[in-house]
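What follows is one structure encoded as structure tokens, with my remarks underneath.
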Amino acid sequence: MLDARFVRENPDVVRKAMADRCASWSVDGFLELDTERRALIGELEGLQARRNEASKLIGGLMRDGKRDEAEALKAEVREINERISAIEAHVEAADTDVRNMLLTAPNLPDESTPFGEDETFNPEVRRWGTPRQFDFEPQAHWDLGPSLGIIDFERAVKLAESRFVLLGRDGARLNRALINFMLDVHGANGFVEWSPPALANAETLTGTGQLPKFEEDLYQTTDGLYLIPTAEVQLTNIHRDEVLEASDLPLRYCAYTPCFREEAGSAGRDTRGMIRVHQFDKVEMVKFASPETSFDELETMVAAAEGILQKLDLPYRVIILCTGDLGFSAAKTYDLEVWLPSYDGYKEISSCSNCTDFQARRAAIKYRSTGEFKGSRLAHTLNGSGLAVGRTLAAVIENYQNADGSISVPAALQPYMGGQTVIEPPAKPVG
RNA sequence: GGAGAGCUGGCCGAGUCGGUCGAAGGCGCUCGCCUGCUAAGCGAGUAAGGGGGUAAAGCCCCCUUCGAGGGUUCGAAUCCCUCGCUCUCCGCCA
């Protein structure tokens with residue numbers, strides 16, 4: 001959420017930010033609602049002040065036994081109250097209008113976020129590793145997985161519907177190995193591990209920005225809870241309505257959770273394999289930082305995500321999202337894209353963002369510092385995948401495949417696979 | 001699911017025959033004093049959100065908030081109703 005006062009005082013800055021984002025949020029529409037709201041509040045508070053004053057007088061008159069004068073005042077206050085309740089309804093409506101509008105405004109891009117209309121303008125920052133040259137025709141994971149008996153798309157449809165995945169045998173074990181490996185690496189880097197609920201309430205999802213604007217992307221339960229689309233939601237909201245100590249910052253958290261997404265509006269995209277599915281595993285990182293250090297923390301968060309890919313020896317590149325491609329809550333975002341032979345290109349596997357005070361304002365996440373400043377300030381929140389496990393699994397399968405249809409287990413994962421070094425094709429066809 | 005107790009400021013915790021209570025006291029914190037150092041001690045200050053005033057930092061005025069919402073009243077942390085959450089006991093259960 002943007003600061004209403006900032007929008008009021010810097011309309012041109014916000015206008016430019018929205019234009020850069022190709023967002024349709026109307027600054028003028030907001031200013032109009034905001035002005036109306038403040039006028040109504042002024043009117044209401046004037047009446048309330050008079051009522052409070054009169055009530056105090058009544059108290060004194062009653063004590064002094066001046067009943068008649070008190071009764072006259074009471075009658076006056078009754079009248080004031082009628083006017084107050086009439087205006088209150090208007091103020092409430094104006095409050096709701098302003099808040100709703102503010103809740104649908106995306107974050108302001110940081111000045112270091114490059115301008116661009118869409119993803120084709122995202123500049124590449126760096127590459128790591130070299131895509132492997134195969135001396136045989138490499139298979140896509142959606143072919144290789146089923147033939148190895150470690151991914152079963154057809155039965156997943158039977159169990160749920162399309163865009164779900166059933167992992168089996170060494171596929172399930174490899175998936176679990178990846179989760180444990182990622183958590184261990186992040187833990188060694190100082191990220192505190194959590195295991196949060198997979199369901200979240202509306203307030204939580206509003207705090208991180210999924211609600212109210214993106215409800216159609218979420219699975220909702222019959223009693224009003226939502227399946228989390230990412231652990232970012234829970235990790236960030238851990239400190240909702242809290243005041244942190246500056247000396248504790250930055251806080252570095254991580255968690256493994258399943259993630260659930262409706263993928264509304266992406267019909268026809270990435271239809272094959274486990275790249276875009278309704279449920280996937282992810283290890284997520286979240287940081288709480290002071291405004292002074294948050295952009296440095298973003299760099300080290302990207303490095304932490306890169307560390308996983310490097311240890312797995314998977315080629316990748318880092319891009320920075322331009323203004324037109326930036327997510328709703330983010331001021332600056334780096335994407336990590338892993339090399340996928342089946343796509344003959346790089347595919348997003350991690351997204352690391354600094355949301356500055358945008359989520360903190362929604363979720364009331366503050367920090368205080370004795371001596372440095374009075375009161376409390378909004379913290380900055382950051383989040384990043386470290387990494388999307390399903391896509392990592394697909395990348396491992398494709399990049400580590402051998403001519404005989406087997407898969408080598410990356411060295412970093414072997415300790416998590418009981419020392420196993422290769423996943424072999426089954427002796428007889430998988431049934 | 002049944003019964004009971006509770007939900008107050010950064011934290012703990014007073015506060016019910018409704019008024020001067022945004023709220024005693026304590027802890028913590030800030031500033032100052034004192035003390036070879038430290039600890040202890042002394043004094044003052046210290047909730048959040050919103051609206052307005054001032055050129056502006058400071059500052060000043062006002063409104064709202066004692067789990068949430070509604071009601072009674074001139075006036076509610078205090079009375080009534082509904083809901084949520086926490087705790088204890090019972091039942092059930094991975």
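Residues are referred to by chain and number: the chain letter is A, B, ... according to the order shown in the structure tokens, the number counts from 1 in that chain, and ligands are numbered separately from 1 in the order shown.
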
What are the residues of chain A that have an atom within 6 Å of an atom of chain B, counting only C-alpha atoms (C1' of nucleotides), as a list in words?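 So the residues of chain A near chain B are Glu45, Ser55, Gly59, Lys74 and Val77 of chain A.
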
Serialized selection, C-alpha atoms, as a PDB file, in the first residue's frame:
```pdb
ATOM      1  CA  GLU A  45     -14.833  15.813  14.175  1.00  0.00           C
ATOM      2  CA  SER A  55     -21.187  16.093  27.874  1.00  0.00           C
ATOM      3  CA  GLY A  59     -21.559  16.150  34.239  1.00  0.00           C
ATOM      4  CA  LYS A  74     -28.919  16.944  26.784  1.00  0.00           C
ATOM      5  CA  VAL A  77     -26.529  16.836  22.278  1.00  0.00           C
TER       6      VAL A  77
END
```

Write out as a VMD selection string all residues of segment 63-188 of chain A that backbone DSSP assigns to helix (DSSP H, G or I). chain A and resid 63 67 to 103 119 to 121 141 to 148 153 to 159 170 to 188

Residue subset to file, keeping C-alpha atoms, as a PDB file, in the first residue's frame:
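The resulting file, result_23.pdb, is reproduced below:
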```pdb
ATOM      1  CA  ARG A  63     -23.149  17.532  40.264  1.00  0.00           C
ATOM      2  CA  ARG A  67     -31.046  19.830  36.520  1.00  0.00           C
ATOM      3  CA  ASP A  68     -32.876  22.178  34.146  1.00  0.00           C
ATOM      4  CA  GLU A  69     -29.737  23.452  32.481  1.00  0.00           C
ATOM      5  CA  ALA A  70     -28.470  19.904  32.138  1.00  0.00           C
ATOM      6  CA  GLU A  71     -31.680  18.762  30.485  1.00  0.00           C
ATOM      7  CA  ALA A  72     -31.475  21.584  27.967  1.00  0.00           C
ATOM      8  CA  LEU A  73     -27.930  20.581  27.061  1.00  0.00           C
ATOM      9  CA  LYS A  74     -28.919  16.944  26.784  1.00  0.00           C
ATOM     10  CA  ALA A  75     -31.542  17.888  24.234  1.00  0.00           C
ATOM     11  CA  GLU A  76     -28.931  19.771  22.256  1.00  0.00           C
ATOM     12  CA  VAL A  77     -26.529  16.836  22.278  1.00  0.00           C
ATOM     13  CA  ARG A  78     -29.302  14.533  21.128  1.00  0.00           C
ATOM     14  CA  GLU A  79     -29.669  16.773  18.108  1.00  0.00           C
ATOM     15  CA  ILE A  80     -25.938  16.836  17.478  1.00  0.00           C
ATOM     16  CA  ASN A  81     -25.914  13.064  17.653  1.00  0.00           C
ATOM     17  CA  GLU A  82     -28.457  12.813  14.901  1.00  0.00           C
ATOM     18  CA  ARG A  83     -26.270  14.903  12.657  1.00  0.00           C
ATOM     19  CA  ILE A  84     -23.231  12.892  13.672  1.00  0.00           C
ATOM     20  CA  SER A  85     -24.741   9.564  12.738  1.00  0.00           C
ATOM     21  CA  ALA A  86     -25.780  10.939   9.373  1.00  0.00           C
ATOM     22  CA  ILE A  87     -22.245  12.111   8.603  1.00  0.00           C
ATOM     23  CA  GLU A  88     -20.680   9.000  10.072  1.00  0.00           C
ATOM     24  CA  ALA A  89     -22.236   6.905   7.359  1.00  0.00           C
ATOM     25  CA  HIS A  90     -20.673   9.157   4.744  1.00  0.00           C
ATOM     26  CA  VAL A  91     -17.274   9.112   6.429  1.00  0.00           C
ATOM     27  CA  GLU A  92     -17.351   5.350   6.640  1.00  0.00           C
ATOM     28  CA  ALA A  93     -18.143   5.084   2.944  1.00  0.00           C
ATOM     29  CA  ALA A  94     -15.401   7.571   2.091  1.00  0.00           C
ATOM     30  CA  ASP A  95     -12.900   5.677   4.265  1.00  0.00           C
ATOM     31  CA  THR A  96     -13.747   2.454   2.497  1.00  0.00           C
ATOM     32  CA  ASP A  97     -13.450   4.073  -0.925  1.00  0.00           C
ATOM     33  CA  VAL A  98     -10.055   5.570  -0.169  1.00  0.00           C
ATOM     34  CA  ARG A  99      -8.729   2.403   1.397  1.00  0.00           C
ATOM     35  CA  ASN A 100      -9.998   0.157  -1.374  1.00  0.00           C
ATOM     36  CA  MET A 101      -8.420   2.364  -3.942  1.00  0.00           C
ATOM     37  CA  LEU A 102      -5.152   2.488  -2.057  1.00  0.00           C
ATOM     38  CA  LEU A 103      -5.171  -1.307  -1.721  1.00  0.00           C
ATOM     39  CA  GLU A 119       9.233  -8.812 -20.173  1.00  0.00           C
ATOM     40  CA  THR A 120      11.045  -8.364 -23.484  1.00  0.00           C
ATOM     41  CA  PHE A 121      12.713  -5.311 -21.942  1.00  0.00           C
ATOM     42  CA  HIS A 141      11.252 -34.033 -18.303  1.00  0.00           C
ATOM     43  CA  TRP A 142       7.643 -34.748 -19.234  1.00  0.00           C
ATOM     44  CA  ASP A 143       8.879 -37.624 -21.398  1.00  0.00           C
ATOM     45  CA  LEU A 144      11.847 -38.753 -19.350  1.00  0.00           C
ATOM     46  CA  GLY A 145      10.038 -38.600 -15.986  1.00  0.00           C
ATOM     47  CA  PRO A 146       7.204 -40.961 -16.937  1.00  0.00           C
ATOM     48  CA  SER A 147       9.538 -43.384 -18.713  1.00  0.00           C
ATOM     49  CA  LEU A 148      11.654 -43.571 -15.565  1.00  0.00           C
ATOM     50  CA  PHE A 153       0.971 -37.002 -15.052  1.00  0.00           C
ATOM     51  CA  GLU A 154      -1.885 -39.249 -16.111  1.00  0.00           C
ATOM     52  CA  ARG A 155      -2.625 -40.571 -12.655  1.00  0.00           C
ATOM     53  CA  ALA A 156      -2.297 -37.073 -11.223  1.00  0.00           C
ATOM     54  CA  VAL A 157      -5.234 -36.133 -13.430  1.00  0.00           C
ATOM     55  CA  LYS A 158      -7.158 -39.121 -12.087  1.00  0.00           C
ATOM     56  CA  LEU A 159      -6.424 -38.061  -8.503  1.00  0.00           C
ATOM     57  CA  ASP A 170      13.152 -41.846  -6.900  1.00  0.00           C
ATOM     58  CA  GLY A 171      11.239 -38.830  -8.188  1.00  0.00           C
ATOM     59  CA  ALA A 172       9.558 -38.407  -4.822  1.00  0.00           C
ATOM     60  CA  ARG A 173      12.877 -38.993  -3.076  1.00  0.00           C
ATOM     61  CA  LEU A 174      14.714 -36.537  -5.309  1.00  0.00           C
ATOM     62  CA  ASN A 175      12.051 -33.941  -4.610  1.00  0.00           C
ATOM     63  CA  ARG A 176      12.460 -34.469  -0.873  1.00  0.00           C
ATOM     64  CA  ALA A 177      16.234 -34.354  -1.238  1.00  0.00           C
ATOM     65  CA  LEU A 178      15.997 -30.986  -2.965  1.00  0.00           C
ATOM     66  CA  ILE A 179      13.848 -29.554  -0.185  1.00  0.00           C
ATOM     67  CA  ASN A 180      16.206 -30.735   2.533  1.00  0.00           C
ATOM     68  CA  PHE A 181      19.266 -29.607   0.625  1.00  0.00           C
ATOM     69  CA  MET A 182      17.878 -26.107   0.081  1.00  0.00           C
ATOM     70  CA  LEU A 183      16.773 -25.692   3.682  1.00  0.00           C
ATOM     71  CA  ASP A 184      20.123 -26.885   4.973  1.00  0.00           C
ATOM     72  CA  VAL A 185      22.030 -24.448   2.768  1.00  0.00           C
ATOM     73  CA  HIS A 186      19.865 -21.511   3.786  1.00  0.00           C
ATOM     74  CA  GLY A 187      20.009 -22.540   7.418  1.00  0.00           C
ATOM     75  CA  ALA A 188      23.806 -22.521   7.234  1.00  0.00           C
TER      76      ALA A 188
END
```

Please extract the residues of segment 100-327 of chain A with a backbone DSSP assignment of strand (DSSP E or B) and present them as number ranges by chain. A: 124-128, 151-152, 166-167, 192-194, 199-200, 220, 226-227, 242-245, 251-260, 279-289, 316-320

Compile the contact shell of Ala17 of chain A as number ranges by chain: residues with an atom at most 9 Å away, counting only C-alpha atoms (C1' of nucleotides), same-chain residues fewer than 5 positions apart removed. A: 12, 22-23, 107-109, 323

What is the distance, in Å and to one decimal place, between atom C1' of A3 of chain B and atom C1' of U88 of chain B?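 Answer for the atom C1' of A3 of chain B to atom C1' of U88 of chain B separation: 10.4 Å.
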
Applying 9 Å and only C-alpha atoms (C1' of nucleotides), which residues near segment 284-295 of chain A remain after dropping the ones on its own chain fewer than 6 positions away? List them as a PDB file with N, CA and C atoms, in the first residue's frame.
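After the write, out_6.pdb holds the following:
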```pdb
ATOM      1  N   HIS A 186      20.323 -22.804   3.269  1.00  0.00           N
ATOM      2  CA  HIS A 186      19.865 -21.511   3.786  1.00  0.00           C
ATOM      3  C   HIS A 186      20.059 -21.423   5.297  1.00  0.00           C
ATOM      4  N   PHE A 191      19.524 -18.254   7.726  1.00  0.00           N
ATOM      5  CA  PHE A 191      18.071 -18.123   7.613  1.00  0.00           C
ATOM      6  C   PHE A 191      17.393 -19.033   8.641  1.00  0.00           C
ATOM      7  N   THR A 230       2.256 -18.992  -1.874  1.00  0.00           N
ATOM      8  CA  THR A 230       3.688 -18.950  -1.594  1.00  0.00           C
ATOM      9  C   THR A 230       3.875 -18.780  -0.093  1.00  0.00           C
ATOM     10  N   ALA A 231       4.996 -19.281   0.425  1.00  0.00           N
ATOM     11  CA  ALA A 231       5.268 -19.143   1.855  1.00  0.00           C
ATOM     12  C   ALA A 231       5.583 -17.699   2.230  1.00  0.00           C
ATOM     13  N   GLU A 232       5.864 -16.880   1.227  1.00  0.00           N
ATOM     14  CA  GLU A 232       6.093 -15.454   1.469  1.00  0.00           C
ATOM     15  C   GLU A 232       4.954 -14.871   2.300  1.00  0.00           C
ATOM     16  N   LEU A 235       5.452 -16.156   5.977  1.00  0.00           N
ATOM     17  CA  LEU A 235       6.687 -15.693   6.606  1.00  0.00           C
ATOM     18  C   LEU A 235       6.632 -14.185   6.852  1.00  0.00           C
ATOM     19  N   THR A 236       6.085 -13.447   5.900  1.00  0.00           N
ATOM     20  CA  THR A 236       6.015 -11.997   6.054  1.00  0.00           C
ATOM     21  C   THR A 236       5.015 -11.617   7.146  1.00  0.00           C
ATOM     22  N   ALA A 246      15.366  -2.665  16.063  1.00  0.00           N
ATOM     23  CA  ALA A 246      16.336  -2.409  14.994  1.00  0.00           C
ATOM     24  C   ALA A 246      17.565  -3.300  15.145  1.00  0.00           C
ATOM     25  N   LEU A 249      17.416  -6.562  13.312  1.00  0.00           N
ATOM     26  CA  LEU A 249      17.355  -6.563  11.852  1.00  0.00           C
ATOM     27  C   LEU A 249      18.755  -6.705  11.260  1.00  0.00           C
ATOM     28  N   PRO A 250      18.878  -7.287  10.081  1.00  0.00           N
ATOM     29  CA  PRO A 250      17.783  -7.901   9.343  1.00  0.00           C
ATOM     30  C   PRO A 250      17.421  -9.275   9.888  1.00  0.00           C
ATOM     31  N   LEU A 251      16.142  -9.602   9.859  1.00  0.00           N
ATOM     32  CA  LEU A 251      15.689 -10.955  10.167  1.00  0.00           C
ATOM     33  C   LEU A 251      15.674 -11.733   8.857  1.00  0.00           C
ATOM     34  N   ARG A 252      16.196 -12.945   8.885  1.00  0.00           N
ATOM     35  CA  ARG A 252      16.240 -13.784   7.688  1.00  0.00           C
ATOM     36  C   ARG A 252      15.500 -15.076   7.976  1.00  0.00           C
ATOM     37  N   TYR A 253      14.436 -15.313   7.233  1.00  0.00           N
ATOM     38  CA  TYR A 253      13.590 -16.487   7.449  1.00  0.00           C
ATOM     39  C   TYR A 253      13.541 -17.337   6.188  1.00  0.00           C
ATOM     40  N   CYS A 254      13.307 -18.629   6.378  1.00  0.00           N
ATOM     41  CA  CYS A 254      13.039 -19.483   5.227  1.00  0.00           C
ATOM     42  C   CYS A 254      12.040 -20.557   5.622  1.00  0.00           C
ATOM     43  N   ALA A 255      11.389 -21.125   4.630  1.00  0.00           N
ATOM     44  CA  ALA A 255      10.401 -22.169   4.887  1.00  0.00           C
ATOM     45  C   ALA A 255      10.172 -22.977   3.637  1.00  0.00           C
ATOM     46  N   TYR A 256       9.921 -24.259   3.854  1.00  0.00           N
ATOM     47  CA  TYR A 256       9.415 -25.081   2.764  1.00  0.00           C
ATOM     48  C   TYR A 256       7.898 -25.187   2.938  1.00  0.00           C
ATOM     49  N   THR A 257       7.151 -24.971   1.852  1.00  0.00           N
ATOM     50  CA  THR A 257       5.703 -25.240   1.868  1.00  0.00           C
ATOM     51  C   THR A 257       5.274 -25.671   0.474  1.00  0.00           C
ATOM     52  N   MET A 301      20.275 -11.746  -1.003  1.00  0.00           N
ATOM     53  CA  MET A 301      19.225 -12.753  -1.158  1.00  0.00           C
ATOM     54  C   MET A 301      19.329 -13.410  -2.533  1.00  0.00           C
ATOM     55  N   ALA A 305      20.026 -17.440  -3.455  1.00  0.00           N
ATOM     56  CA  ALA A 305      19.296 -18.268  -4.417  1.00  0.00           C
ATOM     57  C   ALA A 305      20.263 -18.810  -5.473  1.00  0.00           C
ATOM     58  N   LYS A 332      11.590  -3.575  -6.669  1.00  0.00           N
ATOM     59  CA  LYS A 332      12.700  -4.041  -7.502  1.00  0.00           C
ATOM     60  C   LYS A 332      12.759  -5.557  -7.421  1.00  0.00           C
ATOM     61  N   CYS A 352      13.291 -12.696  -6.739  1.00  0.00           N
ATOM     62  CA  CYS A 352      13.680 -12.078  -5.468  1.00  0.00           C
ATOM     63  C   CYS A 352      13.337 -10.592  -5.515  1.00  0.00           C
ATOM     64  N   ASN A 354      12.476  -6.740  -3.469  1.00  0.00           N
ATOM     65  CA  ASN A 354      12.399  -5.831  -2.325  1.00  0.00           C
ATOM     66  C   ASN A 354      11.055  -5.114  -2.424  1.00  0.00           C
ATOM     67  N   THR A 356      10.050  -2.943  -0.298  1.00  0.00           N
ATOM     68  CA  THR A 356      10.214  -1.726   0.508  1.00  0.00           C
ATOM     69  C   THR A 356       9.162  -1.688   1.625  1.00  0.00           C
ATOM     70  N   ASP A 357       8.482  -0.558   1.809  1.00  0.00           N
ATOM     71  CA  ASP A 357       7.527  -0.492   2.929  1.00  0.00           C
ATOM     72  C   ASP A 357       6.093  -0.805   2.499  1.00  0.00           C
ATOM     73  N   ILE A 365       4.064  -3.669   9.923  1.00  0.00           N
ATOM     74  CA  ILE A 365       5.309  -4.256  10.409  1.00  0.00           C
ATOM     75  C   ILE A 365       6.298  -3.116  10.605  1.00  0.00           C
ATOM     76  N   TYR A 367       9.572  -1.127  13.079  1.00  0.00           N
ATOM     77  CA  TYR A 367      10.718  -1.373  13.932  1.00  0.00           C
ATOM     78  C   TYR A 367      11.063  -0.086  14.649  1.00  0.00           C
ATOM     79  N   ARG A 377       9.197   3.041  12.871  1.00  0.00           N
ATOM     80  CA  ARG A 377       9.135   3.224  11.423  1.00  0.00           C
ATOM     81  C   ARG A 377       8.721   1.924  10.766  1.00  0.00           C
ATOM     82  N   LEU A 378       8.239   2.051   9.532  1.00  0.00           N
ATOM     83  CA  LEU A 378       7.905   0.854   8.770  1.00  0.00           C
ATOM     84  C   LEU A 378       9.183   0.141   8.354  1.00  0.00           C
ATOM     85  N   ALA A 379       9.180  -1.168   8.520  1.00  0.00           N
ATOM     86  CA  ALA A 379      10.310  -1.961   8.068  1.00  0.00           C
ATOM     87  C   ALA A 379      10.210  -2.172   6.564  1.00  0.00           C
ATOM     88  N   HIS A 380      11.252  -2.679   5.968  1.00  0.00           N
ATOM     89  CA  HIS A 380      11.189  -3.123   4.586  1.00  0.00           C
ATOM     90  C   HIS A 380      11.112  -4.652   4.575  1.00  0.00           C
ATOM     91  N   THR A 381      10.318  -5.184   3.655  1.00  0.00           N
ATOM     92  CA  THR A 381      10.228  -6.635   3.545  1.00  0.00           C
ATOM     93  C   THR A 381      10.735  -7.079   2.184  1.00  0.00           C
ATOM     94  N   LEU A 382      11.403  -8.232   2.199  1.00  0.00           N
ATOM     95  CA  LEU A 382      11.916  -8.811   0.962  1.00  0.00           C
ATOM     96  C   LEU A 382      11.498 -10.273   0.907  1.00  0.00           C
ATOM     97  N   ASN A 383      11.357 -10.788  -0.298  1.00  0.00           N
ATOM     98  CA  ASN A 383      11.084 -12.213  -0.430  1.00  0.00           C
ATOM     99  C   ASN A 383      11.727 -12.738  -1.697  1.00  0.00           C
ATOM    100  N   GLY A 384      12.059 -14.025  -1.645  1.00  0.00           N
ATOM    101  CA  GLY A 384      12.669 -14.628  -2.820  1.00  0.00           C
ATOM    102  C   GLY A 384      12.566 -16.146  -2.755  1.00  0.00           C
ATOM    103  N   SER A 385      12.408 -16.765  -3.921  1.00  0.00           N
ATOM    104  CA  SER A 385      12.368 -18.220  -3.932  1.00  0.00           C
ATOM    105  C   SER A 385      13.771 -18.754  -3.837  1.00  0.00           C
ATOM    106  N   GLY A 386      13.878 -19.819  -3.088  1.00  0.00           N
ATOM    107  CA  GLY A 386      15.226 -20.386  -2.944  1.00  0.00           C
ATOM    108  C   GLY A 386      15.241 -21.895  -2.831  1.00  0.00           C
ATOM    109  N   LEU A 387      14.680 -22.593  -3.785  1.00  0.00           N
ATOM    110  CA  LEU A 387      14.086 -22.206  -5.065  1.00  0.00           C
ATOM    111  C   LEU A 387      12.722 -22.862  -5.225  1.00  0.00           C
ATOM    112  N   ALA A 388      12.105 -22.652  -6.378  1.00  0.00           N
ATOM    113  CA  ALA A 388      10.910 -23.412  -6.732  1.00  0.00           C
ATOM    114  C   ALA A 388      11.342 -24.857  -6.948  1.00  0.00           C
TER     115      ALA A 388
END
```

Quick one, how far is atom CA of Gly116 of chain A from atom CA of Gly209 of chain A?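 Separation of atom CA of Gly116 of chain A and atom CA of Gly209 of chain A: 22.7 Å.
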
Distance in Å - atom CA of Asp217 of chain A versus atom CA of Ala264 of chain A: 5.9 Å

Tell me which of A:Gly207, A:Pro123, A:Gly46, A:Pro258 sits closest to Ala360 of chain A, counting only C-alpha atoms.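 Distance minimum relative to Ala360 of chain A lands on A:Gly207.
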
Best match for closeness to G67 of chain B among B:G15, B:G53, B:G6, B:G91, counting only C-alpha atoms (C1' of nucleotides):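 Smallest distance to G67 of chain B is found for B:G6.
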
List as a VMD selection string the protein and nucleic acid residues near U8 of chain B, meaning an atom at most 12 Å away when only C-alpha atoms (C1' of nucleotides) are counted, but skip any in the same chain fewer than 5 places from it. chain B and resid 13 to 15 21 to 23 47 65 to 67 77 to 78
